[in-house]
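What follows is one structure encoded as structure tokens, with my remarks underneath.
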Amino acid sequence: MNTEIKQSPSNGSMSELAIDARSVVKAFGVGDARTVALKGASFSARQGELHLVVGPSGCGKTTLLSVVAGTLDWDEGKVEVFGTGLDGMRRSAITDFRRRNVGFIFQQFNLIPTLNLIENISVPLLLNGAGRRISEEKAAELLKRVGLAGKETKRPTQLSGGQQQRVAIARALVHEPRLVICDEPTSALDSETGHQIMDLLTTAARAPGRCVVIVTHDPRVYGYADRITQMEDGRVKAVLDGEPLQRFVQSTH
Ligand SMILES: Nc1ncnc2c1ncn2[C@@H]1O[C@H](COP(=O)(O)OP(=O)(O)O)[C@@H](O)[C@H]1O
Ligand SMILES: [Mg+2]
């Protein structure tokens, strides 16, 4: 289902990158209300990796990932996802690319209140042209995997915050997108459910040609990271792996 992307033919190491964003600038508003959310942020994530993005509130994490996910236009810089340049692509082409290749778990869940849980989780499959029956079967399987079997016909408003978040995660994974982006996925989850969800996301990250990027403030999640990008004031401050990553994880426990 997700074979539409061609590997970058030019360069072996480039095709290993799931995300390659260079010097991205993004401003909101005009005049006195103008905020520069990204001030030349360069960010990359590799295929097969679970990559965390951390940094203080307001430093541009959500903005950066919205650009990478193809949900937000940016002002300057280059953005490549699995070797496909999003700059210069028409908005409709970016939307199509996103539907096929990206699962996004929003901070505010963005579930559709008038649809039941199975219908909510089915949406990405239906948008990609899958039939209703197969979509609902897959949705039921995902609902089970996030620990909510038995709640198929409930509506989002009948669930707790943590349960809604799990539905949002199921919806982001159901079409097996190559790139899964999560904005604070475990913040509303209790400890046991949080680890269950992290196991699901780790499995998704490790599958060949895939990648999971997670924005989080939750130190419980840090131990799952292959690499961590630290942001500060609209820029990337550091990328941690190996020894520095271990030290960072230990210092937060
Ligand atoms: N839609 C928007 N309109 C105006 N300002 C925004 C908008 N989205 C984000 N910002 C501003 O951009 C900066 C970065 O925001 P954001 O990316 O949400 O940070 P983070 O996710 O790290 O908390 C903040 O100063 C925020 O107020
Ligand atoms: Mg945010």
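Going by the structure tokens order, chains are called A, B, ..., each with residues numbered from 1, while ligands are numbered from 1 in the order shown.
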
task = Mind listing the strand (DSSP E or B) residues of region 11-222 of chain A, per DSSP on the backbone, as a PyMOL selection string?
result = chain A and resi 17-28+35-46+50-54+76-81+84-85+102-105+179-183+211-215

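Counting only C-alpha atoms, Cys211 (chain A) has the following residues at most 6 Å away, ignoring those fewer than 6 positions along the same chain: Gln47, Gly48, Glu49, Leu179 and Ala205 of chain A.
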
Next, the residues of the selection above should be written as a short mmCIF file (atom, residue, chain, number, x, y, z; two decimals), in the first residue's frame with all heavy atoms.
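Final file, again15.cif:
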data_model
loop_
_atom_site.label_atom_id
_atom_site.label_comp_id
_atom_site.auth_asym_id
_atom_site.auth_seq_id
_atom_site.Cartn_x
_atom_site.Cartn_y
_atom_site.Cartn_z
N GLN A 47 15.95 6.45 8.54
CA GLN A 47 15.01 5.34 8.43
C GLN A 47 15.34 4.31 9.51
O GLN A 47 16.49 4.09 9.84
CB GLN A 47 15.11 4.71 7.05
CG GLN A 47 14.70 5.68 5.96
CD GLN A 47 14.63 5.04 4.60
OE1 GLN A 47 14.46 3.84 4.47
NE2 GLN A 47 14.73 5.87 3.57
N GLY A 48 14.29 3.69 10.06
CA GLY A 48 14.48 2.65 11.07
C GLY A 48 14.74 3.18 12.46
O GLY A 48 15.07 2.42 13.35
N GLU A 49 14.58 4.48 12.64
CA GLU A 49 14.91 5.04 13.96
C GLU A 49 13.70 5.66 14.65
O GLU A 49 12.77 6.16 14.02
CB GLU A 49 16.08 6.02 13.83
CG GLU A 49 15.81 7.47 14.01
CD GLU A 49 17.07 8.34 13.88
OE1 GLU A 49 18.18 7.90 14.24
OE2 GLU A 49 16.92 9.47 13.42
N LEU A 179 6.27 7.23 7.80
CA LEU A 179 6.69 8.20 8.81
C LEU A 179 5.55 8.45 9.79
O LEU A 179 4.44 8.78 9.37
CB LEU A 179 7.08 9.52 8.13
CG LEU A 179 7.46 10.68 9.05
CD1 LEU A 179 8.68 10.35 9.89
CD2 LEU A 179 7.70 11.94 8.22
N ALA A 205 8.72 2.00 14.25
CA ALA A 205 9.96 2.67 13.82
C ALA A 205 10.95 1.69 13.22
O ALA A 205 11.68 2.01 12.29
CB ALA A 205 10.60 3.38 15.01
#

query = Given a cut-off of 9 Å, what residues near ligand 1 show up using only C-alpha atoms and all ligand atoms, put as number ranges by chain?
reply = A: 26-29, 33-38, 54-66, 183, 215, 231-234

request  = Name the residues in contact with region 109-126 of chain A at a cut-off of 9 Å, using only C-alpha atoms, excluding same-chain residues fewer than 4 positions from it; report them as number ranges by chain.
outcome  = A: 99-100, 103, 105, 130-132, 134-140, 142-143, 151-157, 164-165, 167-175

key: Selection: 9 Å around Phe248 (chain A), only C-alpha atoms, excl. self and same-chain fewer than 5 positions, as number ranges by chain   = A: 222, 240, 243

ask   = When you draw a straight line from CA of Asp75 (chain A) to CA of Glu16 (chain A), how long is it in Å?
value = 26.0 Å

inquiry  = Need the shell around Thr71 (chain A): protein/DNA/RNA residues with any atom at most 10 Å away, counting only C-alpha atoms. Skip same-chain ones fewer than 3 positions apart. Format as a ChimeraX atom specification?
reply    = /A:63,65-68,74,91,94-95,98,104

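If you count only C-alpha atoms and ignore residues fewer than 4 places along the chain from Ser23 (chain A), what sits within 6 Å of it is A:Gly40, A:Ala41, A:Ser42, A:Gly77.
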
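With only C-alpha atoms and all ligand atoms as the atoms that count, the residue of A:Pro177, A:Gly31, A:Pro185, A:Gly70 with the shortest distance to ligand 2 is A:Pro185.
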